[in-house]
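With mmCIF, C-alpha atoms inside, this is structure.cif:
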data_entry
#
loop_
_atom_site.label_atom_id
_atom_site.label_comp_id
_atom_site.auth_asym_id
_atom_site.auth_seq_id
_atom_site.Cartn_x
_atom_site.Cartn_y
_atom_site.Cartn_z
CA MET W 1 35.37 -15.58 34.61
CA LEU W 2 32.04 -14.70 33.03
CA LEU W 3 32.27 -10.95 32.93
CA SER W 4 34.98 -8.40 33.48
CA VAL W 5 34.54 -4.64 33.50
CA ASP W 6 37.72 -2.66 33.19
CA ASN W 7 38.12 1.08 33.80
CA LEU W 8 34.61 1.73 32.47
CA SER W 9 33.23 5.22 31.82
CA VAL W 10 29.67 5.70 30.65
CA SER W 11 27.68 8.81 29.80
CA ARG W 12 24.09 9.40 28.91
CA GLY W 13 22.71 12.28 26.89
CA GLY W 14 26.12 13.95 26.90
CA ILE W 15 26.44 13.86 30.68
CA SER W 16 29.07 11.62 32.22
CA LEU W 17 27.64 9.26 34.79
CA PHE W 18 30.58 7.41 36.27
CA GLU W 19 34.19 6.63 35.49
CA GLY W 20 36.93 4.17 36.36
CA LEU W 21 34.65 1.30 37.28
CA ASN W 22 36.29 -2.12 37.64
CA PHE W 23 34.82 -5.44 38.66
CA THR W 24 34.69 -9.07 37.64
CA LEU W 25 32.00 -11.70 37.89
CA SER W 26 32.57 -15.44 38.12
CA THR W 27 30.36 -18.47 38.45
CA GLY W 28 28.18 -18.35 41.55
CA GLU W 29 28.88 -14.68 42.16
CA PHE W 30 26.43 -11.85 42.53
CA VAL W 31 27.19 -8.15 42.12
CA LEU W 32 24.80 -5.67 43.67
CA ILE W 33 24.69 -2.15 42.25
CA ASN W 34 23.53 0.64 44.50
CA GLY W 35 23.17 4.37 44.20
CA GLY W 36 20.49 7.04 44.00
CA ASN W 37 18.33 7.89 41.04
CA GLY W 38 20.20 8.97 37.94
CA VAL W 39 23.54 7.70 39.11
CA GLY W 40 23.81 5.32 36.15
CA LYS W 41 22.64 1.91 37.37
CA THR W 42 20.50 1.30 34.32
CA SER W 43 23.14 2.69 31.98
CA LEU W 44 25.72 0.35 33.45
CA LEU W 45 23.51 -2.70 32.94
CA ARG W 46 22.54 -1.59 29.45
CA SER W 47 26.16 -1.08 28.44
CA ILE W 48 27.05 -4.54 29.74
CA ALA W 49 24.19 -5.91 27.63
CA GLY W 50 25.53 -4.01 24.62
CA LEU W 51 22.46 -1.80 24.39
CA GLN W 52 24.36 1.40 25.06
CA PRO W 53 27.74 2.65 23.86
CA ILE W 54 30.54 3.19 26.37
CA ASP W 55 32.97 6.11 26.52
CA LYS W 56 36.09 4.47 27.83
CA GLY W 57 37.27 1.15 29.17
CA LYS W 58 36.41 -2.42 28.29
CA ILE W 59 33.61 -4.87 28.96
CA ALA W 60 34.43 -8.52 28.33
CA ILE W 61 31.33 -10.67 28.10
CA ASN W 62 30.16 -13.40 25.76
CA ALA W 63 26.96 -12.26 24.03
CA ASP W 64 25.50 -15.77 24.32
CA ASN W 65 26.05 -15.89 28.07
CA PHE W 66 23.66 -13.34 29.47
CA ILE W 67 19.99 -12.50 29.63
CA PHE W 68 18.87 -8.95 30.26
CA ALA W 69 15.78 -7.86 32.15
CA GLY W 70 15.29 -4.12 32.00
CA ASP W 71 12.62 -1.84 33.39
CA ALA W 72 10.35 -2.56 30.40
CA ASN W 73 8.60 -5.89 30.79
CA GLY W 74 8.67 -6.94 27.14
CA ILE W 75 5.17 -8.39 27.44
CA LYS W 76 2.58 -8.44 24.67
CA THR W 77 -0.73 -7.43 26.22
CA ALA W 78 -2.77 -9.07 23.44
CA LEU W 79 -1.22 -12.48 24.15
CA THR W 80 -1.97 -14.74 27.08
CA VAL W 81 0.58 -15.45 29.80
CA LEU W 82 1.33 -18.83 28.30
CA GLU W 83 1.64 -17.44 24.76
CA ASN W 84 4.06 -14.79 25.97
CA LEU W 85 6.25 -17.34 27.70
CA ARG W 86 6.02 -19.80 24.83
CA PHE W 87 7.28 -17.13 22.46
CA TRP W 88 10.34 -16.34 24.55
CA SER W 89 10.92 -19.99 25.19
CA ALA W 90 11.05 -20.57 21.42
CA ILE W 91 13.37 -17.59 20.94
CA PHE W 92 15.82 -18.71 23.61
CA GLY W 93 15.44 -22.41 22.86
CA GLY W 94 14.42 -23.18 26.43
CA LYS W 95 12.39 -26.10 27.64
CA ASN W 96 11.61 -25.20 31.26
CA LEU W 97 8.37 -23.44 30.41
CA HIS W 98 6.24 -25.20 33.00
CA GLU W 99 8.88 -24.91 35.66
CA ALA W 100 8.96 -21.16 35.02
CA LEU W 101 5.15 -20.96 35.30
CA GLU W 102 5.25 -22.90 38.54
CA LYS W 103 8.08 -21.03 40.18
CA PHE W 104 6.61 -17.61 39.51
CA GLN W 105 3.09 -18.73 40.50
CA LEU W 106 1.68 -18.08 37.06
CA ARG W 107 -0.02 -21.42 36.52
CA GLN W 108 -3.50 -20.16 37.47
CA LEU W 109 -3.00 -17.13 35.27
CA LYS W 110 -1.65 -18.90 32.24
CA ASN W 111 -4.72 -18.43 30.03
CA ARG W 112 -5.27 -14.81 31.01
CA PHE W 113 -4.38 -12.03 28.62
CA ALA W 114 -1.25 -10.30 29.81
CA GLY W 115 -3.00 -6.95 29.42
CA LYS W 116 -5.39 -7.95 32.22
CA LEU W 117 -2.65 -8.69 34.72
CA SER W 118 -1.71 -6.42 37.62
CA ALA W 119 1.64 -4.65 37.56
CA GLY W 120 3.16 -7.17 39.95
CA GLN W 121 1.84 -10.12 37.97
CA LYS W 122 3.25 -8.59 34.79
CA ARG W 123 6.59 -8.27 36.52
CA ARG W 124 6.49 -11.91 37.51
CA LEU W 125 5.71 -12.90 33.94
CA SER W 126 8.61 -10.78 32.75
CA LEU W 127 10.99 -12.37 35.28
CA ALA W 128 9.79 -15.88 34.40
CA ARG W 129 11.60 -15.35 31.12
CA LEU W 130 14.89 -15.74 33.01
CA LEU W 131 14.17 -19.39 33.67
CA LEU W 132 13.59 -20.19 30.00
CA THR W 133 17.24 -20.12 29.11
CA ASP W 134 20.45 -21.76 30.29
CA ARG W 135 22.38 -18.53 29.98
CA PRO W 136 24.41 -18.12 33.19
CA ILE W 137 24.53 -14.34 33.66
CA TRP W 138 21.38 -12.50 34.70
CA LEU W 139 21.51 -8.74 34.20
CA LEU W 140 18.63 -7.42 36.27
CA ASP W 141 17.60 -3.80 36.44
CA GLU W 142 15.38 -3.22 39.48
CA PRO W 143 13.86 -6.69 39.21
CA THR W 144 11.57 -6.40 42.22
CA VAL W 145 9.67 -3.27 41.14
CA SER W 146 5.96 -3.67 41.99
CA LEU W 147 6.42 -7.14 43.48
CA ASP W 148 4.71 -7.86 46.78
CA LYS W 149 6.58 -9.24 49.79
CA ARG W 150 5.79 -12.85 49.04
CA SER W 151 6.81 -12.61 45.40
CA MET W 152 9.95 -10.79 46.39
CA LYS W 153 10.91 -13.57 48.77
CA GLN W 154 10.13 -16.12 46.09
CA PHE W 155 12.27 -14.22 43.62
CA SER W 156 15.18 -14.07 46.07
CA LYS W 157 14.91 -17.83 46.41
CA ILE W 158 14.95 -18.29 42.65
CA LEU W 159 17.97 -16.03 42.35
CA LYS W 160 19.73 -17.94 45.13
CA ASN W 161 19.02 -21.24 43.38
CA HIS W 162 20.36 -19.80 40.16
CA LEU W 163 23.61 -18.78 41.85
CA GLU W 164 23.97 -22.14 43.56
CA ALA W 165 23.45 -23.90 40.25
CA GLY W 166 26.47 -22.11 38.82
CA GLY W 167 24.83 -18.96 37.56
CA ALA W 168 25.81 -15.38 38.18
CA ALA W 169 23.98 -12.07 38.36
CA VAL W 170 24.45 -8.33 38.24
CA VAL W 171 21.50 -6.68 39.97
CA SER W 172 20.67 -3.04 40.47
CA THR W 173 18.24 -2.40 43.27
CA HIS W 174 17.34 -0.14 46.17
CA ILE W 175 15.72 -2.93 48.07
CA ASP W 176 17.37 -5.51 50.28
CA LEU W 177 16.89 -8.78 48.43
CA GLY W 178 17.69 -10.80 51.54
CA LEU W 179 20.67 -12.39 49.90
CA THR W 180 23.59 -12.71 52.26
CA ARG W 181 26.03 -13.90 49.69
CA SER W 182 26.41 -10.78 47.59
CA SER W 183 29.99 -11.14 46.40
CA LEU W 184 30.39 -7.47 45.76
CA THR W 185 28.37 -4.33 46.36
CA ILE W 186 29.13 -1.36 44.18
CA ASN W 187 27.85 2.06 45.07
CA LEU W 188 28.01 3.95 41.80
CA GLU W 189 28.02 7.26 43.66
CA ASP W 190 31.66 6.53 44.54
CA TYR W 191 32.55 6.56 40.85
CA GLN W 192 30.84 9.79 39.86
CA MET W 193 32.77 12.25 37.70
CA LYS W 194 34.51 14.75 39.92
CA ASN W 195 34.50 17.67 37.44
CA GLY W 196 31.00 17.26 36.00
CA ASN W 197 31.95 17.30 32.33
CA ILE W 198 28.80 18.24 30.48
CA ASN W 199 28.81 18.22 26.68
CA ALA W 200 26.21 20.05 24.66
CA SER W 201 23.38 17.71 23.86
CA VAL W 202 22.94 16.62 20.26
CA LYS W 203 20.65 18.81 18.23
CA ALA W 204 18.48 17.34 15.53
CA PHE W 205 16.63 19.01 12.71
CA LEU W 206 13.58 16.79 12.40
CA MET X 1 12.16 -17.29 13.87
CA ILE X 2 8.99 -19.20 13.08
CA ALA X 3 7.86 -18.34 16.60
CA LEU X 4 8.38 -14.65 15.84
CA LEU X 5 6.38 -14.89 12.61
CA GLN X 6 3.65 -16.81 14.39
CA ARG X 7 3.51 -14.26 17.19
CA ASP X 8 3.36 -11.32 14.79
CA LEU X 9 0.53 -12.91 12.83
CA ILE X 10 -1.43 -13.70 16.00
CA LEU X 11 -0.91 -10.14 17.24
CA ALA X 12 -2.10 -8.76 13.91
CA VAL X 13 -5.45 -10.54 14.06
CA ARG X 14 -6.04 -9.95 17.79
CA ALA X 15 -7.83 -6.85 19.03
CA GLY X 16 -6.04 -3.68 18.00
CA GLY X 17 -3.71 -5.56 15.70
CA GLY X 18 -4.73 -3.61 12.64
CA PHE X 19 -5.21 -6.54 10.30
CA GLY X 20 -7.56 -5.50 7.53
CA LEU X 21 -6.91 -1.81 8.11
CA GLY X 22 -4.78 -1.53 5.00
CA MET X 23 -7.23 -3.57 2.98
CA ALA X 24 -10.19 -1.45 4.07
CA PHE X 25 -8.25 1.71 3.20
CA PHE X 26 -7.36 0.28 -0.22
CA LEU X 27 -10.99 -0.60 -0.82
CA ILE X 28 -12.17 2.90 0.07
CA VAL X 29 -9.56 4.63 -2.10
CA VAL X 30 -10.44 2.49 -5.10
CA ILE X 31 -14.15 3.11 -4.60
CA LEU X 32 -13.76 6.87 -4.04
CA VAL X 33 -11.65 7.59 -7.11
CA PRO X 34 -14.38 6.64 -9.64
CA LEU X 35 -16.78 8.86 -7.70
CA GLY X 36 -14.42 11.74 -8.35
CA ILE X 37 -13.59 10.92 -11.95
CA GLY X 38 -17.07 9.92 -13.10
CA PRO X 39 -18.57 6.72 -14.44
CA ASP X 40 -16.88 6.78 -17.87
CA MET X 41 -15.53 3.23 -18.09
CA GLU X 42 -13.04 4.07 -20.82
CA ILE X 43 -11.27 6.71 -18.73
CA LEU X 44 -11.50 4.54 -15.63
CA SER X 45 -9.91 1.53 -17.24
CA LYS X 46 -7.10 3.76 -18.48
CA VAL X 47 -6.27 5.07 -15.00
CA SER X 48 -7.19 1.89 -13.13
CA VAL X 49 -3.65 0.49 -12.95
CA GLY X 50 -2.39 3.74 -11.49
CA ILE X 51 -5.22 3.85 -8.96
CA LEU X 52 -4.61 0.28 -7.85
CA TRP X 53 -0.87 0.76 -7.52
CA VAL X 54 -0.98 4.10 -5.73
CA GLY X 55 -3.78 2.78 -3.50
CA ALA X 56 -1.68 -0.24 -2.60
CA LEU X 57 1.29 1.99 -1.86
CA LEU X 58 -0.66 4.22 0.50
CA ALA X 59 -2.39 1.30 2.19
CA CYS X 60 1.01 -0.23 2.79
CA VAL X 61 2.44 2.95 4.33
CA LEU X 62 -0.52 3.13 6.71
CA SER X 63 0.61 0.21 8.85
CA LEU X 64 4.39 0.58 8.55
CA ASP X 65 5.01 2.22 11.91
CA ARG X 66 3.59 -0.85 13.62
CA ILE X 67 6.45 -3.01 12.39
CA PHE X 68 8.87 -1.92 15.11
CA SER X 69 7.25 0.75 17.27
CA LEU X 70 5.00 -1.61 19.24
CA ASP X 71 7.93 -3.87 20.06
CA TYR X 72 10.05 -0.84 20.86
CA ASP X 73 7.49 0.60 23.27
CA ASP X 74 7.08 -2.49 25.41
CA GLY X 75 10.78 -3.38 25.46
CA THR X 76 10.50 -6.48 23.30
CA LEU X 77 12.88 -5.10 20.69
CA GLU X 78 15.65 -4.68 23.27
CA LEU X 79 15.17 -8.21 24.45
CA LEU X 80 15.24 -9.50 20.88
CA LEU X 81 18.49 -7.63 20.37
CA THR X 82 20.08 -9.63 23.20
CA SER X 83 18.49 -12.90 22.04
CA PRO X 84 20.21 -15.62 19.98
CA ILE X 85 18.34 -14.56 16.82
CA PRO X 86 20.32 -12.19 14.60
CA LEU X 87 18.66 -8.81 14.23
CA GLU X 88 18.83 -9.14 10.43
CA ALA X 89 16.61 -12.20 10.69
CA VAL X 90 14.25 -10.37 13.03
CA VAL X 91 13.91 -7.56 10.47
CA THR X 92 13.33 -10.01 7.61
CA VAL X 93 10.70 -11.95 9.54
CA LYS X 94 8.93 -8.80 10.62
CA SER X 95 8.90 -7.44 7.04
CA PHE X 96 7.52 -10.74 5.86
CA SER X 97 4.77 -10.76 8.45
CA HIS X 98 3.93 -7.17 7.47
CA TRP X 99 3.60 -8.35 3.87
CA ILE X 100 1.34 -11.25 4.85
CA THR X 101 -0.94 -9.01 6.89
CA THR X 102 -0.94 -5.98 4.56
CA GLY X 103 0.47 -6.71 1.12
CA LEU X 104 -0.99 -10.12 0.48
CA PRO X 105 -4.63 -9.15 1.17
CA LEU X 106 -4.21 -6.23 -1.26
CA VAL X 107 -2.85 -8.57 -3.92
CA VAL X 108 -5.74 -10.96 -3.40
CA ILE X 109 -8.53 -8.39 -3.72
CA SER X 110 -6.86 -6.39 -6.51
CA PRO X 111 -8.43 -8.44 -9.37
CA ILE X 112 -11.92 -7.82 -7.99
CA LEU X 113 -11.28 -4.11 -7.65
CA GLY X 114 -9.73 -4.12 -11.12
CA LEU X 115 -12.98 -5.51 -12.48
CA LEU X 116 -14.88 -2.69 -10.78
CA LEU X 117 -12.60 -0.22 -12.56
CA GLY X 118 -13.34 -1.75 -15.94
CA LEU X 119 -10.17 -3.76 -16.55
CA GLN X 120 -10.27 -6.67 -19.00
CA VAL X 121 -9.91 -10.13 -17.48
CA SER X 122 -6.68 -10.69 -19.45
CA ASP X 123 -5.17 -7.53 -17.91
CA LEU X 124 -6.28 -8.43 -14.39
CA LYS X 125 -3.71 -11.19 -14.41
CA TRP X 126 -0.91 -8.67 -14.87
CA VAL X 127 -2.18 -6.33 -12.18
CA PHE X 128 -2.22 -9.33 -9.86
CA ILE X 129 1.26 -10.50 -10.86
CA SER X 130 2.83 -7.05 -10.68
CA LEU X 131 1.39 -6.44 -7.21
CA LEU X 132 2.45 -9.92 -6.10
CA LEU X 133 6.02 -9.19 -7.19
CA GLY X 134 6.08 -5.59 -6.00
CA THR X 135 4.35 -5.53 -2.61
CA PRO X 136 7.05 -7.59 -0.81
CA ALA X 137 9.50 -4.83 -1.75
CA LEU X 138 7.11 -2.26 -0.28
CA SER X 139 7.20 -4.10 3.06
CA VAL X 140 10.99 -4.45 3.13
CA ILE X 141 11.60 -0.84 2.13
CA GLY X 142 8.96 0.22 4.64
CA ALA X 143 10.66 -1.76 7.39
CA PHE X 144 13.81 0.23 6.69
CA GLY X 145 11.87 3.46 7.12
CA ALA X 146 10.26 2.10 10.28
CA ALA X 147 13.70 1.23 11.64
CA LEU X 148 14.88 4.78 10.92
CA THR X 149 11.98 6.35 12.80
CA VAL X 150 11.64 3.90 15.68
CA GLY X 151 11.55 5.71 18.99
CA ILE X 152 10.25 8.96 17.51
CA ARG X 153 6.89 9.88 18.96
CA ARG X 154 4.24 10.19 16.28
CA GLY X 155 6.83 9.40 13.65
CA GLY X 156 4.16 8.18 11.25
CA LEU X 157 4.16 11.21 8.98
CA LEU X 158 7.93 11.41 8.93
CA LEU X 159 7.97 7.74 8.08
CA SER X 160 5.71 8.27 5.05
CA LEU X 161 7.85 11.18 3.88
CA LEU X 162 10.94 8.98 4.08
CA VAL X 163 9.45 5.88 2.56
CA LEU X 164 7.25 7.11 -0.29
CA PRO X 165 10.16 8.42 -2.40
CA LEU X 166 11.89 5.06 -1.93
CA TYR X 167 8.79 3.39 -3.38
CA VAL X 168 9.22 5.17 -6.73
CA PRO X 169 11.13 2.41 -8.60
CA THR X 170 8.67 -0.24 -7.50
CA LEU X 171 5.73 1.95 -8.46
CA ILE X 172 7.14 2.87 -11.88
CA PHE X 173 7.98 -0.66 -12.97
CA GLY X 174 5.08 -2.33 -11.19
CA ALA X 175 2.51 -0.10 -12.85
CA ASN X 176 4.47 -0.39 -16.11
CA VAL X 177 4.02 -4.17 -16.18
CA ALA X 178 0.25 -3.84 -16.07
CA ARG X 179 0.04 -0.76 -18.31
CA LYS X 180 2.10 -2.38 -21.06
CA SER X 181 -0.20 -5.37 -21.09
CA LEU X 182 -3.12 -2.93 -21.34
CA ALA X 183 -1.50 -1.42 -24.44
CA ASP X 184 -0.68 -4.89 -25.83
CA ILE X 185 3.07 -4.31 -25.67
CA SER X 186 5.47 -6.93 -24.34
CA ASN X 187 6.04 -6.25 -20.64
CA ASN X 188 8.99 -8.60 -20.17
CA SER X 189 11.55 -5.93 -19.44
CA ALA X 190 9.40 -4.17 -16.87
CA LEU X 191 8.62 -7.49 -15.23
CA LEU X 192 12.32 -8.32 -14.96
CA ILE X 193 13.22 -4.92 -13.55
CA LEU X 194 10.38 -5.10 -11.01
CA THR X 195 11.64 -8.50 -9.88
CA ALA X 196 15.17 -7.14 -9.70
CA VAL X 197 14.06 -4.19 -7.54
CA THR X 198 12.29 -6.55 -5.14
CA LEU X 199 15.24 -8.93 -4.94
CA ALA X 200 17.69 -6.09 -4.45
CA ALA X 201 15.54 -4.67 -1.65
CA PHE X 202 15.43 -8.07 0.02
CA SER X 203 19.16 -8.63 -0.23
CA ILE X 204 20.32 -5.24 1.02
CA LEU X 205 17.70 -3.60 3.20
CA PRO X 206 17.39 -6.11 6.08
CA PHE X 207 21.06 -5.47 6.82
CA ALA X 208 20.62 -1.72 6.58
CA SER X 209 17.53 -1.86 8.82
CA ALA X 210 19.32 -3.98 11.44
CA LEU X 211 22.21 -1.52 11.46
CA VAL X 212 19.88 1.43 11.86
CA LEU X 213 17.94 -0.32 14.63
CA ARG X 214 21.13 -1.03 16.56
CA ILE X 215 22.03 2.65 16.41
CA ASN X 216 18.50 3.78 17.25
CA LEU X 217 18.19 1.51 20.27
CA ARG X 218 21.27 2.96 21.92
#
Show how you would write the structure in this file as structure tokens.
Amino acid sequence: MLLSVDNLSVSRGGISLFEGLNFTLSTGEFVLINGGNGVGKTSLLRSIAGLQPIDKGKIAINADNFIFAGDANGIKTALTVLENLRFWSAIFGGKNLHEALEKFQLRQLKNRFAGKLSAGQKRRLSLARLLLTDRPIWLLDEPTVSLDKRSMKQFSKILKNHLEAGGAAVVSTHIDLGLTRSSLTINLEDYQMKNGNINASVKAFL
Amino acid sequence: MIALLQRDLILAVRAGGGFGLGMAFFLIVVILVPLGIGPDMEILSKVSVGILWVGALLACVLSLDRIFSLDYDDGTLELLLTSPIPLEAVVTVKSFSHWITTGLPLVVISPILGLLLGLQVSDLKWVFISLLLGTPALSVIGAFGAALTVGIRRGGLLLSLLVLPLYVPTLIFGANVARKSLADISNNSALLILTAVTLAAFSILPFASALVLRINLR
């Protein structure tokens, strides 16, 4: 088992988002997270990645096993596409740099400054980072934002390949990714706090 | 880690990277002060060490908020937090690259500016050495302040208010090294304390900064 979430409660800004969430993720599996805006999809992914504290429950995941792709692209606009990828490849110790360029159709763009890319192209560059590492779990927060139909299809294929090669993924999205083999679909709205427990937000002096 | 250093240095010299900003500021401060004080070389050489050190301090503060805020804004910092590199190493590398792009140029031009302020050649050496030993501490301490204020919009002023008091020990002993040589007194003790301050900053603050960053990113 790569990831197990046990009786998880998460809040954001003093407002509880969801409670009592349980699921597990094993090799080749794919968990889809649904729910409207503000229901806690991003918070869930961020807490799994250790970027956000949790209120209750337990998340069991090996920190060296996952790669996180949030809503921010993590791209340096003053670097070229290739320089951006090369940096992350060096950080994650990956070697598949050219494969990543190829699969996300970035080869023609590789010497362009990332600041001159369109939103969709930036997204593709950001997602190409996933292929630079051997880490099995992909934590993807709305990965297909601003992608066109073709790129979306291509991304679904890449995700499918990843799962078939023994990977796993937790994906939050509104859009149908065209993947039939979603092992589990979680609608976070089913886990919302019943008695909206709202704490006073933290006040700061400065 | 080398990749991170390389990337930071490339970013600093690319458009909008701010390389040379600190140096230009330093240059202007050192040129403006004599205009205010007057051309009396005797007075100038007396205050020159103070001008150079305070100028270096302020020039250093100028670019501190870039250390983390740019990476915070575009999400890179989050990704680095989940990467195999320990955050303590990230902080150390980023402080070091800040020193290379801000502190080191100041150290290099300080003898020339010292000459302009009427310092003797034999004293220039000590200004150079004291800045060389002291400016790395300015970057590490500054990185701590930058970690504290990351995520705060327009946190630059707050950052200077936090960091400048922390610069006091470095300033006192750094300027002391050069001033003692000016007065022909042995500056060994000041030199040792300055080195100790820098080493202490390097051994403690990267851990403190990493801790603060982890809390701030949540």
If you count all atoms listed in the file, which residues fall within 7 Å of region 53-59 of chain X, apart from same-chain ones fewer than 5 positions away, as a VMD selection string? chain X and resid 22 to 23 25 to 26 29 to 30 106 171 175
Contacts of Leu205 (chain X) at 12 Å (only C-alpha atoms; same-chain gap of 4+ positions) as a count of residues only: 28
Using only C-alpha atoms, which of X:Leu11, X:Leu80, X:Ile109, X:Met1 sits nearest Arg214 (chain X)?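 Using only C-alpha atoms, the shortest distance to Arg214 (chain X) belongs to X:Leu80.
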4 Å per side around region 125-137 of chain W: axis-aligned box centre and edge lengths, as JSON:
{"center_x": 15.1, "center_y": -16.3, "center_z": 32.2, "size_x": 26.8, "size_y": 19.0, "size_z": 14.2}
What are the residues of chain X lining chain W at 7 Å or less? Count only C-alpha atoms, and put the answer as a PDB file with C-alpha atoms, in the coordinates of the input.
ATOM      1  CA  ALA X   3       7.860 -18.340  16.600  1.00  0.00           C
ATOM      2  CA  LEU X  11      -0.910 -10.140  17.240  1.00  0.00           C
ATOM      3  CA  ARG X  14      -6.040  -9.950  17.790  1.00  0.00           C
ATOM      4  CA  ASP X  74       7.080  -2.490  25.410  1.00  0.00           C
ATOM      5  CA  GLY X  75      10.780  -3.380  25.460  1.00  0.00           C
ATOM      6  CA  THR X  76      10.500  -6.480  23.300  1.00  0.00           C
ATOM      7  CA  LEU X  79      15.170  -8.210  24.450  1.00  0.00           C
ATOM      8  CA  SER X  83      18.490 -12.900  22.040  1.00  0.00           C
ATOM      9  CA  PRO X  84      20.210 -15.620  19.980  1.00  0.00           C
ATOM     10  CA  LEU X 217      18.190   1.510  20.270  1.00  0.00           C
ATOM     11  CA  ARG X 218      21.270   2.960  21.920  1.00  0.00           C
TER      12      ARG X 218
END
Between W:Leu147, W:Leu125, W:Val5, W:Ile186, which one has atoms that come closest to Glu102 (chain W), using only C-alpha atoms?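 Of the candidates, the smallest distance to Glu102 (chain W) is held by W:Leu125.
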Can you tell me, as a ChimeraX atom specification, what residues are no more than 9 Å from Ala128 (chain W) when counting all atoms listed in the file, ignoring any on the same chain fewer than 2 positions away? /W:85,97,100-101,103-104,106,123-126,130-132
To verify the selection step, state as a ChimeraX atom specification which residues the PyMOL selection byres ((chain W and resi 163-173) around 8) yields on this input. /W:25-34,41-42,45,135-144,159-162,174-176
Emit the selected residues as an mmCIF file, in the frame of the given file, including C-alpha atoms.
data_model
loop_
_atom_site.group_PDB
_atom_site.id
_atom_site.type_symbol
_atom_site.label_atom_id
_atom_site.label_comp_id
_atom_site.auth_asym_id
_atom_site.auth_seq_id
_atom_site.Cartn_x
_atom_site.Cartn_y
_atom_site.Cartn_z
ATOM 1 C CA LEU W 25 32.000 -11.700 37.890
ATOM 2 C CA SER W 26 32.570 -15.440 38.120
ATOM 3 C CA THR W 27 30.360 -18.470 38.450
ATOM 4 C CA GLY W 28 28.180 -18.350 41.550
ATOM 5 C CA GLU W 29 28.880 -14.680 42.160
ATOM 6 C CA PHE W 30 26.430 -11.850 42.530
ATOM 7 C CA VAL W 31 27.190 -8.150 42.120
ATOM 8 C CA LEU W 32 24.800 -5.670 43.670
ATOM 9 C CA ILE W 33 24.690 -2.150 42.250
ATOM 10 C CA ASN W 34 23.530 0.640 44.500
ATOM 11 C CA LYS W 41 22.640 1.910 37.370
ATOM 12 C CA THR W 42 20.500 1.300 34.320
ATOM 13 C CA LEU W 45 23.510 -2.700 32.940
ATOM 14 C CA ARG W 135 22.380 -18.530 29.980
ATOM 15 C CA PRO W 136 24.410 -18.120 33.190
ATOM 16 C CA ILE W 137 24.530 -14.340 33.660
ATOM 17 C CA TRP W 138 21.380 -12.500 34.700
ATOM 18 C CA LEU W 139 21.510 -8.740 34.200
ATOM 19 C CA LEU W 140 18.630 -7.420 36.270
ATOM 20 C CA ASP W 141 17.600 -3.800 36.440
ATOM 21 C CA GLU W 142 15.380 -3.220 39.480
ATOM 22 C CA PRO W 143 13.860 -6.690 39.210
ATOM 23 C CA THR W 144 11.570 -6.400 42.220
ATOM 24 C CA LEU W 159 17.970 -16.030 42.350
ATOM 25 C CA LYS W 160 19.730 -17.940 45.130
ATOM 26 C CA ASN W 161 19.020 -21.240 43.380
ATOM 27 C CA HIS W 162 20.360 -19.800 40.160
ATOM 28 C CA HIS W 174 17.340 -0.140 46.170
ATOM 29 C CA ILE W 175 15.720 -2.930 48.070
ATOM 30 C CA ASP W 176 17.370 -5.510 50.280
#
By how many Å are CA of Arg150 (chain W) and CA of Thr133 (chain W) apart? 24.1 Å
Nearest candidate to Leu44 (chain X) (options X:Cys60, X:Ile10, X:Leu119, X:Leu87; using only C-alpha atoms):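 With only C-alpha atoms as the atom set, the closest residue is X:Leu119.
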Distance CA of Pro169 (chain X)-CA of Ile28 (chain X), one decimal place?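 Answer for the CA of Pro169 (chain X) to CA of Ile28 (chain X) separation: 24.9 Å.
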Using all atoms listed in the file, which residue out of X:Lys125, X:Phe173, X:Ile43, X:Gly118 lies closest to Asn188 (chain X)?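 Using all atoms listed in the file, Asn188 (chain X) sits closest to X:Phe173.
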Counting all atoms listed in the file, which residues come within 9 Å of (1.7, -7.7, -9.6), with the point read in the file's coordinates, and could you list them as a VMD selection string? chain X and resid 107 125 to 135 174 to 175 177 to 178 191
Expansion of the PyMOL selection byres ((chain X and resi 47) around 10) into residues, as a PyMOL selection string: chain X and resi 33-34+37+41-46+48-52+117-119+179
Would you fill out region 60-66 of chain W with N, CA and C atoms and return it as an mmCIF file, in the coordinates of the input?
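Final output, selection15.cif:
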data_model
loop_
_atom_site.group_PDB
_atom_site.id
_atom_site.type_symbol
_atom_site.label_atom_id
_atom_site.label_comp_id
_atom_site.auth_asym_id
_atom_site.auth_seq_id
_atom_site.Cartn_x
_atom_site.Cartn_y
_atom_site.Cartn_z
ATOM 1 N N ALA W 60 34.234 -7.211 28.965
ATOM 2 C CA ALA W 60 34.430 -8.520 28.330
ATOM 3 C C ALA W 60 33.308 -9.442 28.758
ATOM 4 N N ILE W 61 32.445 -9.764 27.819
ATOM 5 C CA ILE W 61 31.330 -10.670 28.100
ATOM 6 C C ILE W 61 30.967 -11.386 26.814
ATOM 7 N N ASN W 62 30.597 -12.641 26.917
ATOM 8 C CA ASN W 62 30.160 -13.400 25.760
ATOM 9 C C ASN W 62 28.668 -13.105 25.531
ATOM 10 N N ALA W 63 28.340 -12.682 24.318
ATOM 11 C CA ALA W 63 26.960 -12.260 24.030
ATOM 12 C C ALA W 63 25.951 -13.401 24.202
ATOM 13 N N ASP W 64 26.425 -14.645 24.170
ATOM 14 C CA ASP W 64 25.500 -15.770 24.320
ATOM 15 C C ASP W 64 25.370 -16.209 25.774
ATOM 16 N N ASN W 65 25.990 -15.436 26.683
ATOM 17 C CA ASN W 65 26.050 -15.890 28.070
ATOM 18 C C ASN W 65 25.091 -15.166 29.007
ATOM 19 N N PHE W 66 24.453 -14.112 28.521
ATOM 20 C CA PHE W 66 23.660 -13.340 29.470
ATOM 21 C C PHE W 66 22.220 -13.184 29.001
#
